[in-house]
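Engineer: Please find input.txt (compact mmCIF, C-alpha atoms) on the next line:
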# COMPACT_ATOMS: atom_id res chain seq x y z
CA MET A 11 0.00 0.00 0.00
CA ALA A 12 2.73 2.44 1.00
CA THR A 13 4.63 1.55 -2.16
CA ILE A 14 1.70 2.41 -4.39
CA GLN A 15 1.18 5.74 -2.63
CA ASP A 16 4.86 6.59 -2.93
CA LYS A 17 4.83 5.73 -6.62
CA LYS A 18 1.99 8.16 -7.28
CA THR A 19 3.34 11.01 -5.20
CA PRO A 20 3.51 14.11 -7.43
CA ALA A 21 6.88 15.61 -8.25
CA ALA A 22 7.72 18.44 -5.90
CA GLY A 23 7.93 22.11 -6.87
CA GLY A 24 7.35 24.03 -10.08
CA PHE A 25 4.29 25.16 -11.96
CA ILE A 26 1.84 22.26 -11.87
CA TYR A 27 0.39 22.96 -15.35
CA LEU A 28 3.79 23.16 -17.08
CA PRO A 29 3.75 19.52 -18.34
CA LEU A 30 0.21 20.06 -19.67
CA ILE A 31 1.21 23.19 -21.58
CA ALA A 32 4.52 21.71 -22.77
CA GLY A 33 2.69 18.55 -23.87
CA TRP A 34 0.21 20.62 -25.84
CA LEU A 35 2.88 22.74 -27.53
CA VAL A 36 5.22 19.84 -28.38
CA PRO A 37 3.96 16.23 -28.63
CA GLY A 38 5.48 14.27 -25.75
CA GLY A 39 6.95 17.48 -24.28
CA GLY A 40 5.15 17.04 -20.96
CA HIS A 41 6.55 13.53 -20.60
CA PHE A 42 10.05 14.76 -21.42
CA LEU A 43 9.74 17.37 -18.66
CA LEU A 44 8.78 14.60 -16.25
CA ARG A 45 11.77 12.52 -17.41
CA LYS A 46 9.56 9.85 -19.00
CA TRP A 47 11.89 9.67 -21.97
CA GLY A 48 10.63 6.46 -23.57
CA ARG A 49 6.96 7.39 -23.38
CA GLY A 50 7.70 10.92 -24.55
CA ALA A 51 9.70 9.70 -27.55
CA LEU A 52 6.98 7.25 -28.62
CA LEU A 53 4.29 9.93 -28.28
CA PHE A 54 6.43 12.44 -30.18
CA VAL A 55 7.12 10.06 -33.05
CA SER A 56 3.52 8.81 -33.28
CA ILE A 57 1.79 12.20 -33.17
CA LEU A 58 4.36 13.95 -35.37
CA SER A 59 4.20 11.11 -37.94
CA MET A 60 0.43 11.20 -38.01
CA PHE A 61 0.39 14.97 -38.48
CA LEU A 62 3.07 14.96 -41.20
CA ILE A 63 1.47 12.06 -43.07
CA GLY A 64 -1.79 14.05 -43.00
CA ILE A 65 0.02 17.05 -44.49
CA ALA A 66 1.76 14.83 -47.09
CA MET A 67 -1.66 13.45 -48.10
CA GLN A 68 -2.72 17.05 -48.86
CA GLY A 69 -5.01 17.20 -45.85
CA LYS A 70 -6.73 20.46 -45.03
CA LEU A 71 -5.68 22.64 -42.10
CA TYR A 72 -8.77 24.35 -40.72
CA ALA A 73 -8.27 28.11 -40.63
CA GLY A 74 -11.71 29.36 -39.64
CA ALA A 75 -15.02 28.13 -38.30
CA HIS A 76 -17.94 28.68 -40.68
CA ASP A 77 -20.12 25.84 -39.42
CA ILE A 78 -20.18 23.31 -36.60
CA LEU A 79 -18.03 20.75 -38.45
CA ASP A 80 -15.41 23.40 -39.21
CA MET A 81 -15.46 24.38 -35.54
CA LEU A 82 -14.82 20.80 -34.45
CA GLY A 83 -12.09 20.40 -37.06
CA LEU A 84 -10.42 23.62 -35.92
CA ALA A 85 -10.58 22.48 -32.28
CA GLY A 86 -8.90 19.21 -33.26
CA ASP A 87 -6.24 20.97 -35.32
CA LEU A 88 -5.45 23.39 -32.49
CA GLY A 89 -4.70 20.38 -30.29
CA SER A 90 -1.45 19.94 -32.22
CA GLY A 91 -0.05 23.12 -30.64
CA LEU A 92 3.11 24.38 -32.30
CA LEU A 93 2.77 21.89 -35.17
CA TYR A 94 -0.45 23.63 -36.23
CA ILE A 95 0.97 27.13 -35.79
CA VAL A 96 4.16 26.33 -37.74
CA SER A 97 2.22 24.55 -40.48
CA ARG A 98 -0.18 27.47 -40.89
CA ALA A 99 2.71 29.91 -40.97
CA ALA A 100 4.53 27.79 -43.57
CA GLY A 101 1.38 27.48 -45.68
CA TRP A 102 1.32 23.69 -45.54
CA GLY A 103 -1.79 21.63 -46.12
CA ALA A 104 -4.48 22.09 -48.74
CA ASP A 105 -7.08 24.88 -48.81
CA GLN A 106 -9.62 22.64 -50.51
CA VAL A 107 -9.81 18.86 -50.41
CA THR A 108 -10.02 17.60 -53.97
CA GLN A 109 -9.03 13.93 -53.58
CA THR A 110 -9.96 11.04 -51.34
CA THR A 111 -6.48 10.89 -49.84
CA GLY A 112 -6.80 14.57 -48.97
CA ASP A 113 -9.93 13.77 -46.97
CA TYR A 114 -8.04 11.03 -45.13
CA GLY A 115 -5.18 13.46 -44.57
CA THR A 116 -7.56 16.00 -43.02
CA ARG A 117 -8.73 13.32 -40.54
CA PHE A 118 -5.13 12.35 -39.77
CA ILE A 119 -4.32 15.98 -38.90
CA VAL A 120 -7.41 16.39 -36.70
CA VAL A 121 -6.85 13.08 -34.89
CA ALA A 122 -3.15 13.90 -34.36
CA GLY A 123 -4.31 17.02 -32.51
CA LEU A 124 -6.82 15.08 -30.42
CA LEU A 125 -4.23 12.44 -29.53
CA ASN A 126 -1.85 15.23 -28.54
CA ILE A 127 -4.45 16.56 -26.11
CA ILE A 128 -4.83 13.08 -24.59
CA ALA A 129 -1.02 12.85 -24.24
CA ALA A 130 -0.82 16.31 -22.63
CA VAL A 131 -3.55 15.41 -20.11
CA ASP A 132 -1.67 12.17 -19.36
CA ALA A 133 1.45 14.22 -18.58
CA HIS A 134 -0.64 16.40 -16.28
CA ASN A 135 -1.99 13.30 -14.52
CA ILE A 136 1.56 12.04 -13.97
CA ARG A 137 2.57 15.46 -12.63
CA THR A 138 -0.31 15.58 -10.15
CA GLY A 139 0.31 11.99 -9.05
CA ARG A 140 -2.95 10.61 -10.41
CA LYS A 141 -0.91 8.26 -12.60
CA ALA A 142 2.48 6.60 -12.16
CA MET B 30 2.02 13.84 -52.51
CA LEU B 31 1.52 10.71 -50.44
CA ARG B 32 -1.22 8.39 -51.70
CA PRO B 33 -1.50 5.31 -49.50
CA SER B 34 -4.15 2.69 -50.23
CA HIS B 35 -7.25 2.60 -48.03
CA PHE B 36 -5.86 -0.35 -46.09
CA ALA B 37 -2.44 1.26 -45.63
CA ALA B 38 -4.17 4.40 -44.31
CA VAL B 39 -6.15 2.27 -41.84
CA VAL B 40 -3.02 0.47 -40.64
CA LEU B 41 -1.09 3.73 -40.19
CA PHE B 42 -4.00 5.33 -38.35
CA ALA B 43 -4.42 2.27 -36.11
CA LEU B 44 -0.69 2.10 -35.37
CA PHE B 45 -0.29 5.70 -34.23
CA ALA B 46 -3.57 5.87 -32.33
CA SER B 47 -2.84 2.54 -30.58
CA VAL B 48 0.60 3.72 -29.43
CA VAL B 49 -0.93 6.83 -27.84
CA PHE B 50 -3.86 4.91 -26.33
CA GLY B 51 -1.53 2.28 -24.89
CA ILE B 52 0.79 4.81 -23.26
CA THR B 53 -1.92 7.07 -21.89
CA GLN B 54 -4.50 4.55 -20.72
CA ARG B 55 -2.32 2.07 -18.80
CA GLU B 56 0.27 2.31 -16.04
CA THR B 57 3.03 -0.25 -16.60
CA PRO B 58 5.01 -0.86 -19.81
CA ARG B 59 3.66 -4.41 -20.08
CA GLN B 60 0.06 -3.25 -19.72
CA MET B 61 0.72 -0.44 -22.19
CA PHE B 62 2.04 -2.86 -24.81
CA ARG B 63 -0.86 -5.27 -24.34
CA TYR B 64 -3.50 -2.53 -24.49
CA GLY B 65 -1.84 -0.91 -27.51
CA LEU B 66 -1.81 -4.25 -29.31
CA TYR B 67 -5.44 -4.84 -28.33
CA CYS B 68 -6.46 -1.44 -29.73
CA PHE B 69 -4.49 -2.04 -32.94
CA VAL B 70 -6.15 -5.41 -33.54
CA LEU B 71 -9.59 -3.93 -32.84
CA PHE B 72 -9.00 -0.97 -35.19
CA VAL B 73 -7.79 -3.10 -38.08
CA GLY B 74 -10.19 -5.98 -37.37
CA ALA B 75 -13.19 -3.66 -37.23
CA ALA B 76 -12.14 -2.00 -40.51
CA ILE B 77 -11.84 -5.39 -42.24
CA ALA B 78 -15.15 -6.65 -40.82
CA LEU B 79 -17.02 -3.47 -41.80
CA SER B 80 -15.44 -3.55 -45.27
CA TRP B 81 -16.74 -7.08 -45.87
CA LEU B 82 -20.15 -6.07 -44.49
CA MET B 83 -20.35 -3.14 -46.92
CA TYR B 84 -19.16 -5.38 -49.74
CA PHE B 85 -22.07 -7.77 -49.18
CA ILE B 86 -24.59 -4.96 -48.70
CA ALA B 87 -23.51 -3.39 -51.99
CA ARG B 88 -23.99 -6.62 -53.95
What do you get writing this file as structure tokens?
Structural biologist:
Amino acid sequence: MATIQDKKTPAAGGFIYLPLIAGWLVPGGGHFLLRKWGRGALLFVSILSMFLIGIAMQGKLYAGAHDILDMLGLAGDLGSGLLYIVSRAAGWGADQVTQTTGDYGTRFIVVAGLLNIIAAVDAHNIRTGRKA
Amino acid sequence: MLRPSHFAAVVLFALFASVVFGITQRETPRQMFRYGLYCFVLFVGAAIALSWLMYFIAR
């Protein structure tokens, strides 16, 4: 019992939301801050690959919200943090989806953002001691 | 431009999503691996099963 409690004791000191914010900005960043190198590297590679494959498939990066689906897509895209900001600044991604693979690519980009949010929340849970 | 087949897209999607699910939803490395594998099999298996279902519906 004592062992389990010790294992889940949160790390001392620092801003408690830092791993959450770092994890949102850079995939796996929150885990790196918490010295979970293996988990962080796997999350980084998985989320970055998914995002870049989506871009390579000419997926669309949502820029504005004209209807509810656009709003949801934009929310998903924003989950990628810096990846989304850099990609928008670099003009990557398609403005209009004209092929089937582009539609798949759009979903890859949105899901990469959603997975990044899950990873960032996981880092926060480790930081607060809710998870080992 | 990257143009994977439908099945390749499914496998890539399942792989990346399963890795994240495994790491974030379980506590120990062993449990993470097992859950990630479970998710991957379910993703790909469900896609294959639904594809066959749609194939027979379309006939």
Engineer: Report as a PyMOL selection string all protein, DNA and RNA residues lying within 9 Å of segment 56-68 of chain B, evaluated on all atoms listed in the file, omitting residues in the same chain fewer than 2 positions from it.
Structural biologist: (chain A and resi 141-142) or (chain B and resi 43-44+46-54+70-73)
Engineer: Atom CA of Leu79 of chain B and atom CA of Val40 of chain B are how many Å apart?
Structural biologist: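 Going from atom CA of Leu79 of chain B over to atom CA of Val40 of chain B covers 14.6 Å.
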Engineer: For chain A, which residues have at least one atom within 7 Å of chain B, if we go by all atoms listed in the file? Write them as a list of chain:residue names, please.
Structural biologist: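 Written out as asked, the residues are A:Arg49, A:Leu53, A:Ser56, A:Ile57, A:Met60, A:Ala66, A:Met67, A:Gln68, A:Thr111, A:Leu125, A:Ala129, A:Asp132, A:Lys141, A:Ala142.
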Engineer: Between atom CA of Gly33 of chain A and atom CA of Leu62 of chain A, what is the distance, to one decimal in Å?
Structural biologist: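 Taking atom CA of Gly33 of chain A and atom CA of Leu62 of chain A, their separation equals 17.7 Å.
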Engineer: Can you tell me how far atom CA of Gln106 of chain A sits from atom CA of Ala37 of chain B, in Å to one decimal?
Structural biologist: 23.1 Å
Engineer: Axis-aligned box over every listed atom of segment 49-55 of chain A, padded by 3 Å per side: centre and edges in Å to one decimal, as AutoDock Vina command-line options?
Structural biologist:
--center_x 7.0 --center_y 9.8 --center_z -28.2 --size_x 11.4 --size_y 11.2 --size_z 15.7
Engineer: Name the closest residue to Phe36 of chain B among the candidates A:Trp102, A:Leu30, A:Tyr114, A:Leu35; distances are taken between atoms, counting only C-alpha atoms.
Structural biologist: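 For Phe36 of chain B, the nearest of the given residues is A:Tyr114.
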Engineer: Which is closest to Ile65 of chain A among A:Trp47, A:Phe118, A:Phe42, A:Trp34, if we use only C-alpha atoms?
Structural biologist: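 The shortest atom-to-atom distance to Ile65 of chain A comes from A:Phe118.
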Engineer: If you count all atoms listed in the file, which residues fall within 8 Å of Pro29 of chain A, apart from same-chain ones fewer than 6 positions away, as an MDAnalysis selection string?
Structural biologist: chainID A and resid 39:41 43:44 130 133:134 137
Engineer: Would you mind exporting the chosen residues as a PDB file, keeping the file's coordinate frame, restricted to C-alpha atoms?
Structural biologist:
ATOM      1  CA  GLY A  39       6.950  17.480 -24.280  1.00  0.00           C
ATOM      2  CA  GLY A  40       5.150  17.040 -20.960  1.00  0.00           C
ATOM      3  CA  HIS A  41       6.550  13.530 -20.600  1.00  0.00           C
ATOM      4  CA  LEU A  43       9.740  17.370 -18.660  1.00  0.00           C
ATOM      5  CA  LEU A  44       8.780  14.600 -16.250  1.00  0.00           C
ATOM      6  CA  ALA A 130      -0.820  16.310 -22.630  1.00  0.00           C
ATOM      7  CA  ALA A 133       1.450  14.220 -18.580  1.00  0.00           C
ATOM      8  CA  HIS A 134      -0.640  16.400 -16.280  1.00  0.00           C
ATOM      9  CA  ARG A 137       2.570  15.460 -12.630  1.00  0.00           C
TER      10      ARG A 137
END
Engineer: Within 8 Å of Leu124 of chain A, counting all atoms listed in the file, which residues show up once you throw out same-chain ones fewer than 6 positions away? Write them as a list in words, please.
Structural biologist: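 Contacts, in chain order: Gly86, Asp87, Gly89 and Ser90 of chain A.
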Engineer: Can you tell me, as a short mmCIF file (atom, residue, chain, number, x, y, z; two decimals) with C-alpha atoms, in the frame of the given file, what residues are no more than 12 Å from Leu71 of chain A when counting all atoms listed in the file, ignoring any on the same chain fewer than 2 positions away?
Structural biologist:
data_model
loop_
_atom_site.label_atom_id
_atom_site.label_comp_id
_atom_site.auth_asym_id
_atom_site.auth_seq_id
_atom_site.Cartn_x
_atom_site.Cartn_y
_atom_site.Cartn_z
CA PHE A 61 0.39 14.97 -38.48
CA LEU A 62 3.07 14.96 -41.20
CA GLY A 64 -1.79 14.05 -43.00
CA ILE A 65 0.02 17.05 -44.49
CA ALA A 66 1.76 14.83 -47.09
CA MET A 67 -1.66 13.45 -48.10
CA GLN A 68 -2.72 17.05 -48.86
CA GLY A 69 -5.01 17.20 -45.85
CA ALA A 73 -8.27 28.11 -40.63
CA GLY A 74 -11.71 29.36 -39.64
CA ALA A 75 -15.02 28.13 -38.30
CA ASP A 80 -15.41 23.40 -39.21
CA MET A 81 -15.46 24.38 -35.54
CA GLY A 83 -12.09 20.40 -37.06
CA LEU A 84 -10.42 23.62 -35.92
CA ALA A 85 -10.58 22.48 -32.28
CA GLY A 86 -8.90 19.21 -33.26
CA ASP A 87 -6.24 20.97 -35.32
CA LEU A 88 -5.45 23.39 -32.49
CA SER A 90 -1.45 19.94 -32.22
CA LEU A 93 2.77 21.89 -35.17
CA TYR A 94 -0.45 23.63 -36.23
CA ILE A 95 0.97 27.13 -35.79
CA VAL A 96 4.16 26.33 -37.74
CA SER A 97 2.22 24.55 -40.48
CA ARG A 98 -0.18 27.47 -40.89
CA ALA A 99 2.71 29.91 -40.97
CA ALA A 100 4.53 27.79 -43.57
CA GLY A 101 1.38 27.48 -45.68
CA TRP A 102 1.32 23.69 -45.54
CA GLY A 103 -1.79 21.63 -46.12
CA ALA A 104 -4.48 22.09 -48.74
CA ASP A 105 -7.08 24.88 -48.81
CA GLN A 106 -9.62 22.64 -50.51
CA VAL A 107 -9.81 18.86 -50.41
CA GLY A 112 -6.80 14.57 -48.97
CA ASP A 113 -9.93 13.77 -46.97
CA GLY A 115 -5.18 13.46 -44.57
CA THR A 116 -7.56 16.00 -43.02
CA ARG A 117 -8.73 13.32 -40.54
CA PHE A 118 -5.13 12.35 -39.77
CA ILE A 119 -4.32 15.98 -38.90
CA VAL A 120 -7.41 16.39 -36.70
CA ALA A 122 -3.15 13.90 -34.36
CA GLY A 123 -4.31 17.02 -32.51
#
Engineer: Can you patch up segment 46-57 of chain B, filling it in to all heavy atoms, and show the result as a CSV table (one decimal), in the frame of the given file?
Structural biologist:
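Final output, saved to rebuild-v1.csv:
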chain,number,residue,atom,x,y,z
B,46,ALA,N,-2.6,5.7,-33.4
B,46,ALA,CA,-3.6,5.9,-32.3
B,46,ALA,C,-3.4,4.8,-31.2
B,46,ALA,O,-3.5,5.2,-30.0
B,46,ALA,CB,-5.0,5.7,-32.9
B,47,SER,N,-3.0,3.6,-31.6
B,47,SER,CA,-2.8,2.5,-30.6
B,47,SER,C,-1.6,2.8,-29.7
B,47,SER,O,-1.7,2.6,-28.5
B,47,SER,CB,-2.6,1.2,-31.3
B,47,SER,OG,-3.8,0.9,-32.0
B,48,VAL,N,-0.6,3.4,-30.2
B,48,VAL,CA,0.6,3.7,-29.4
B,48,VAL,C,0.2,4.7,-28.4
B,48,VAL,O,0.5,4.6,-27.2
B,48,VAL,CB,1.7,4.3,-30.3
B,48,VAL,CG1,2.8,4.9,-29.5
B,48,VAL,CG2,2.3,3.2,-31.2
B,49,VAL,N,-0.5,5.8,-28.8
B,49,VAL,CA,-0.9,6.8,-27.8
B,49,VAL,C,-1.9,6.3,-26.8
B,49,VAL,O,-1.8,6.5,-25.6
B,49,VAL,CB,-1.5,8.0,-28.6
B,49,VAL,CG1,-2.0,9.1,-27.6
B,49,VAL,CG2,-0.5,8.7,-29.5
B,50,PHE,N,-2.9,5.5,-27.3
B,50,PHE,CA,-3.9,4.9,-26.3
B,50,PHE,C,-3.1,4.0,-25.3
B,50,PHE,O,-3.4,4.1,-24.1
B,50,PHE,CB,-4.9,4.1,-27.1
B,50,PHE,CG,-6.0,4.9,-27.8
B,50,PHE,CD1,-6.9,4.3,-28.6
B,50,PHE,CD2,-6.0,6.3,-27.6
B,50,PHE,CE1,-7.9,5.1,-29.2
B,50,PHE,CE2,-7.0,7.0,-28.3
B,50,PHE,CZ,-7.9,6.4,-29.1
B,51,GLY,N,-2.2,3.2,-25.8
B,51,GLY,CA,-1.5,2.3,-24.9
B,51,GLY,C,-0.8,3.0,-23.8
B,51,GLY,O,-0.9,2.7,-22.6
B,52,ILE,N,0.0,4.1,-24.2
B,52,ILE,CA,0.8,4.8,-23.3
B,52,ILE,C,-0.1,5.6,-22.3
B,52,ILE,O,0.3,5.7,-21.1
B,52,ILE,CB,1.7,5.8,-24.0
B,52,ILE,CG1,2.8,5.0,-24.8
B,52,ILE,CG2,2.4,6.8,-23.1
B,52,ILE,CD1,3.7,5.8,-25.7
B,53,THR,N,-1.2,6.2,-22.8
B,53,THR,CA,-1.9,7.1,-21.9
B,53,THR,C,-3.0,6.4,-21.0
B,53,THR,O,-3.4,6.9,-20.0
B,53,THR,CB,-2.6,8.2,-22.7
B,53,THR,OG1,-3.5,7.5,-23.7
B,53,THR,CG2,-1.6,9.1,-23.4
B,54,GLN,N,-3.4,5.2,-21.4
B,54,GLN,CA,-4.5,4.6,-20.7
B,54,GLN,C,-4.1,3.5,-19.7
B,54,GLN,O,-4.9,2.9,-19.0
B,54,GLN,CB,-5.5,4.0,-21.7
B,54,GLN,CG,-6.1,4.9,-22.7
B,54,GLN,CD,-6.8,6.1,-22.1
B,54,GLN,OE1,-7.6,6.0,-21.2
B,54,GLN,NE2,-6.4,7.3,-22.5
B,55,ARG,N,-2.8,3.1,-19.7
B,55,ARG,CA,-2.3,2.1,-18.8
B,55,ARG,C,-1.1,2.5,-18.0
B,55,ARG,O,-0.5,3.5,-18.4
B,55,ARG,CB,-2.0,0.8,-19.6
B,55,ARG,CG,-3.2,0.1,-20.2
B,55,ARG,CD,-4.1,-0.5,-19.1
B,55,ARG,NE,-5.3,-1.2,-19.6
B,55,ARG,CZ,-6.5,-0.6,-19.9
B,55,ARG,NH1,-6.6,0.7,-19.7
B,55,ARG,NH2,-7.5,-1.4,-20.3
B,56,GLU,N,-0.8,1.8,-17.0
B,56,GLU,CA,0.3,2.3,-16.0
B,56,GLU,C,1.7,1.7,-16.3
B,56,GLU,O,2.7,2.4,-16.2
B,56,GLU,CB,-0.2,2.0,-14.6
B,56,GLU,CG,-1.5,2.7,-14.2
B,56,GLU,CD,-1.3,3.8,-13.2
B,56,GLU,OE1,-0.3,3.8,-12.6
B,56,GLU,OE2,-2.3,4.6,-13.1
B,57,THR,N,1.7,0.4,-16.5
B,57,THR,CA,3.0,-0.2,-16.6
B,57,THR,C,3.3,-0.5,-18.1
B,57,THR,O,2.4,-0.7,-18.9
B,57,THR,CB,3.1,-1.6,-15.8
B,57,THR,OG1,2.1,-2.5,-16.5
B,57,THR,CG2,2.7,-1.4,-14.4
